[in-house]
$ cat model.txt   # compact mmCIF, C-alpha atoms
# COMPACT_ATOMS: atom_id res chain seq x y z
CA MET A 1 0.00 0.00 0.00
CA ALA A 2 1.38 3.42 -0.96
CA LYS A 3 2.14 5.92 1.76
CA TYR A 4 -0.41 8.76 1.96
CA GLU A 5 0.85 12.09 0.68
CA ALA A 6 -1.28 15.21 1.15
CA LEU A 7 -2.53 16.83 -2.04
CA ARG A 8 -0.30 19.81 -2.84
CA PRO A 9 -1.78 23.25 -2.16
CA SER A 10 -2.80 25.44 -5.08
CA GLY A 11 -0.15 28.03 -4.23
CA ALA A 12 -2.69 30.76 -4.98
CA ARG A 13 -3.47 31.36 -1.30
CA ALA A 14 -1.73 31.06 2.02
CA LEU A 15 -2.11 27.81 3.95
CA LEU A 16 -4.09 27.42 7.12
CA VAL A 17 -3.13 24.33 9.11
CA LEU A 18 -5.92 23.41 11.50
CA GLY A 19 -5.85 21.25 14.60
CA ILE A 20 -9.00 19.81 16.17
CA SER A 21 -8.52 19.25 19.92
CA ASP A 22 -9.01 22.55 21.77
CA VAL A 23 -9.65 24.24 18.41
CA VAL A 24 -13.01 22.89 17.20
CA ALA A 25 -13.53 20.14 19.78
CA LEU A 26 -13.28 21.73 23.22
CA GLU A 27 -12.19 19.21 25.80
CA ASP A 28 -11.79 21.55 28.79
CA GLU A 29 -14.55 23.54 30.44
CA ALA A 30 -15.91 25.84 27.75
CA ALA A 31 -15.85 29.61 28.22
CA VAL A 32 -18.00 30.07 25.08
CA LYS A 33 -21.35 28.70 24.05
CA VAL A 34 -21.00 25.18 22.61
CA GLU A 35 -23.20 22.56 21.05
CA VAL A 36 -22.59 18.89 21.64
CA LYS A 37 -22.20 17.27 18.24
CA HIS A 38 -22.25 13.56 17.51
CA VAL A 39 -19.37 12.87 15.11
CA SER A 40 -18.47 9.69 13.32
CA ALA A 41 -16.18 8.56 10.54
CA TRP A 42 -17.71 6.07 8.14
CA GLY A 43 -19.93 4.70 10.93
CA ARG A 44 -17.02 2.76 12.41
CA TRP A 45 -16.94 4.76 15.61
CA ALA A 46 -18.81 7.70 17.12
CA ARG A 47 -18.08 10.32 19.73
CA ASP A 48 -19.83 13.34 21.23
CA VAL A 49 -17.76 16.54 21.15
CA ALA A 50 -18.35 20.10 22.36
CA VAL A 51 -18.06 22.47 19.38
CA PRO A 52 -18.24 26.27 19.70
CA VAL A 53 -21.54 27.44 18.18
CA ASP A 54 -19.73 29.83 15.84
CA ALA A 55 -17.05 27.34 14.72
CA ALA A 56 -18.74 26.59 11.39
CA ASP A 57 -19.00 30.30 10.57
CA VAL A 58 -15.37 30.97 11.54
CA ILE A 59 -14.13 28.04 9.46
CA ALA A 60 -16.25 29.11 6.48
CA GLU A 61 -14.71 32.58 6.68
CA LEU A 62 -11.21 31.10 6.93
CA GLY A 63 -11.97 28.99 3.86
CA ARG A 64 -12.63 32.15 1.86
CA HIS A 65 -9.04 33.31 2.48
CA PHE A 66 -6.89 30.20 2.91
CA ASP A 67 -6.24 26.72 1.57
CA ILE A 68 -7.02 24.62 4.65
CA VAL A 69 -5.23 21.43 5.64
CA TRP A 70 -5.78 19.35 8.77
CA ALA A 71 -2.96 18.46 11.17
CA SER A 72 -4.33 16.60 14.15
CA GLU A 73 -4.57 13.32 15.94
CA TRP A 74 -7.82 12.80 14.00
CA GLY A 75 -5.75 12.27 10.83
CA HIS A 76 -7.77 11.05 7.85
CA ASN A 77 -10.94 11.02 9.98
CA ALA A 78 -10.98 14.79 10.59
CA HIS A 79 -12.94 15.95 7.57
CA THR A 80 -15.34 13.02 7.51
CA ALA A 81 -16.06 13.20 11.25
CA PHE A 82 -16.54 16.97 11.39
CA GLY A 83 -18.03 17.51 7.93
CA GLU A 84 -21.65 17.80 8.99
CA ALA A 85 -20.95 19.41 12.38
CA LEU A 86 -18.93 22.22 10.76
CA GLY A 87 -20.66 22.46 7.38
CA LEU A 88 -17.45 21.52 5.57
CA PRO A 89 -17.23 21.17 1.80
CA ALA A 90 -17.87 17.70 0.40
CA GLU A 91 -14.33 17.44 -1.00
CA PRO A 92 -12.13 16.61 2.01
CA TRP A 93 -9.27 18.93 2.83
CA PRO A 94 -5.84 17.30 2.81
CA PHE A 95 -4.37 16.22 6.11
CA LEU A 96 -0.80 16.05 7.29
CA PRO A 97 -0.23 12.57 8.75
CA VAL A 98 1.36 13.85 11.95
CA GLN A 99 0.22 14.04 15.57
CA PHE A 100 3.20 15.59 17.36
CA ASP A 101 6.15 17.71 16.28
CA LYS A 102 4.02 19.16 13.51
CA LEU A 103 6.19 22.15 12.62
CA ALA A 104 8.58 20.17 10.41
CA ALA A 105 5.64 18.63 8.52
CA ILE A 106 4.07 22.08 8.06
CA ARG A 107 7.33 23.54 6.74
CA ASN A 108 7.76 20.65 4.33
CA TYR A 109 4.18 20.91 3.09
CA ALA A 110 4.20 24.72 2.73
CA ARG A 111 7.45 24.78 0.73
CA GLY A 112 7.80 28.53 1.02
CA LEU A 113 4.11 29.50 0.97
CA PRO A 114 2.92 31.74 3.80
CA TRP A 115 1.13 29.70 6.45
CA VAL A 116 -0.84 29.89 9.68
CA TRP A 117 -1.05 27.03 12.14
CA ILE A 118 -3.98 27.08 14.59
CA ASP A 119 -3.78 24.49 17.33
CA GLY A 120 -3.93 23.81 21.05
CA ASP A 121 -1.01 24.30 23.43
CA VAL A 122 0.11 20.74 23.93
CA VAL A 123 0.74 19.47 20.42
CA ASP A 124 4.50 19.43 20.04
CA LEU A 125 6.99 17.52 22.09
CA HIS A 126 9.81 19.86 21.03
CA PRO A 127 8.50 23.43 20.95
CA GLN A 128 9.89 25.61 18.19
CA ASP A 129 9.10 29.05 16.88
CA PRO A 130 8.69 29.81 13.23
CA GLU A 131 11.62 31.55 11.59
CA ASP A 132 11.15 35.25 10.80
CA GLY A 133 8.74 35.66 7.92
CA GLU A 134 8.01 31.94 7.70
CA GLY A 135 4.59 31.52 9.23
CA ILE A 136 2.29 32.29 12.15
CA ILE A 137 1.50 29.94 15.02
CA LEU A 138 -1.71 30.61 16.94
CA ARG A 139 -2.26 28.68 20.14
CA VAL A 140 -5.91 28.84 21.11
CA ASP A 141 -7.38 29.13 24.58
CA PRO A 142 -8.71 25.59 25.23
CA GLY A 143 -11.93 27.00 26.71
CA VAL A 144 -12.59 29.19 23.68
CA GLY A 145 -11.04 27.38 20.73
CA ILE A 146 -11.58 28.86 17.31
CA SER A 147 -14.25 31.23 18.68
CA GLY A 148 -11.53 33.57 19.90
CA LEU A 149 -10.13 34.05 16.39
CA ASP A 150 -10.22 37.45 14.67
CA VAL A 151 -10.23 36.32 11.03
CA GLY A 152 -9.75 39.84 9.66
CA ALA A 153 -6.68 40.43 11.80
CA LEU A 154 -5.30 37.02 10.84
CA VAL A 155 -5.78 37.70 7.12
CA ALA A 156 -4.01 41.07 7.51
CA ALA A 157 -1.13 39.46 9.41
CA VAL A 158 -0.65 36.84 6.68
CA GLU A 159 -0.80 39.52 3.98
CA ASP A 160 1.95 41.38 5.86
CA LEU A 161 3.92 38.14 6.15
CA ALA A 162 3.61 37.49 2.42
CA ALA A 163 4.54 41.09 1.57
CA SER A 164 7.66 40.94 3.75
CA ALA A 165 8.66 37.66 2.08
CA ASP A 166 8.34 39.30 -1.35
CA ALA A 167 10.31 42.41 -0.34
CA PRO A 168 13.91 42.54 -1.59
$ encode --input "model.txt" --output "structure tokens"
Amino acid sequence: MAKYEALRPSGARALLVLGISDVVALEDEAAVKVEVKHVSAWGRWARDVAVPVDAADVIAELGRHFDIVWASEWGHNAHTAFGEALGLPAEPWPFLPVQFDKLAAIRNYARGLPWVWIDGDVVDLHPQDPEDGEGIILRVDPGVGISGLDVGALVAAVEDLAASADAP
């Protein structure tokens, strides 16, 4: 069986790398309004998760500005499991087959494209910062998740990042 390789990004837009735990599935006590959603992948397993009520709207807005790719412990199940709960497009987003130490996988996948990585605090065993002008890492509050995201400010920050990368 061939090893999975994520579909290459279009290159027309910046990348948004999205985690699930603490981002769209809140596992700590929620500080925002949530709905409990029943998620399942191909009917093989099911789980109830607390999802911020505005998560679908925030993700839809992110999708208007970024090419989205999953990077989480949910792996290939992410899009299928959260598709209905988040109103995701029918065509699954690519996923990076990595659970920990994600930064190297993100760098390899981005190959010079501007990127944003939105995830919880405890996802890397060896914390690293992005190099200047490389990308943006956003660690979400586990009680708020993606609800705390200012999409407009994020888009502006990535535009600044891309502009600085293009500057001589």
$ closest_residue --input "model.txt" --among "A:Leu26, A:Ala110, A:Leu154, A:Ala81" --to "Val58 in chain A" --atoms "only C-alpha atoms"
A:Leu154
$ atom_distance --input "model.txt" --atom1 "CA of Arg64 in chain A" --atom2 "CA of Gln99 in chain A"
26.1 Å
$ atom_distance --input "model.txt" --atom1 "CA of Trp70 in chain A" --atom2 "CA of Pro94 in chain A"
6.3 Å
$ atom_distance --input "model.txt" --atom1 "CA of Glu27 in chain A" --atom2 "CA of Gly145 in chain A"
9.7 Å
$ closest_residue --input "model.txt" --among "A:Ala50, A:Val69, A:Ile59, A:Ala14" --to "Ala163 in chain A" --atoms "all atoms listed in the file"
A:Ala14
$ residues_around --input "model.txt" --residues "Pro89 in chain A" --least-positions-apart "4" --cutoff "9 Å" --atoms "all atoms listed in the file" --output "ChimeraX atom specification"
/A:79,83,93
$ residues_around --input "model.txt" --residues "Val24 in chain A" --least-positions-apart "5" --cutoff "7 Å" --atoms "all atoms listed in the file" --output "ChimeraX atom specification"
/A:51-52,55,145-146
$ closest_residue --input "model.txt" --among "A:Ile118, A:Val23, A:Ala105, A:Ala85" --to "Gly143 in chain A" --atoms "only C-alpha atoms"
A:Val23
$ closest_residue --input "model.txt" --among "A:Asp150, A:Asp22, A:Pro114, A:His38" --to "Ser164 in chain A" --atoms "all atoms listed in the file"
A:Pro114
$ residues_around --input "model.txt" --residues "Asp48 in chain A" --least-positions-apart "6" --cutoff "8 Å" --atoms "only C-alpha atoms" --output "PyMOL selection string"
chain A and resi 36-39
$ closest_residue --input "model.txt" --among "A:Ala41, A:Ile20, A:Ala56, A:Ala162" --to "Glu73 in chain A" --atoms "all atoms listed in the file"
A:Ile20
$ residues_near_point --input "model.txt" --point "(-5.4, 18.4, 9.0)" --cutoff "7 Å" --atoms "all atoms listed in the file" --output "list of chain:residue names"
A:Val17, A:Leu18, A:Gly19, A:Val69, A:Trp70, A:Ala71, A:Ser72, A:Gly75, A:Ala78, A:Pro94, A:Phe95, A:Leu96
$ residues_near_point --input "model.txt" --point "(-12.2, 27.9, 29.3)" --cutoff "6 Å" --atoms "only C-alpha atoms" --output "number ranges by chain"
A: 29-31, 142-144
$ closest_residue --input "model.txt" --among "A:Glu134, A:Glu84, A:Asp54, A:Glu91" --to "Ile106 in chain A" --atoms "all atoms listed in the file"
A:Glu134
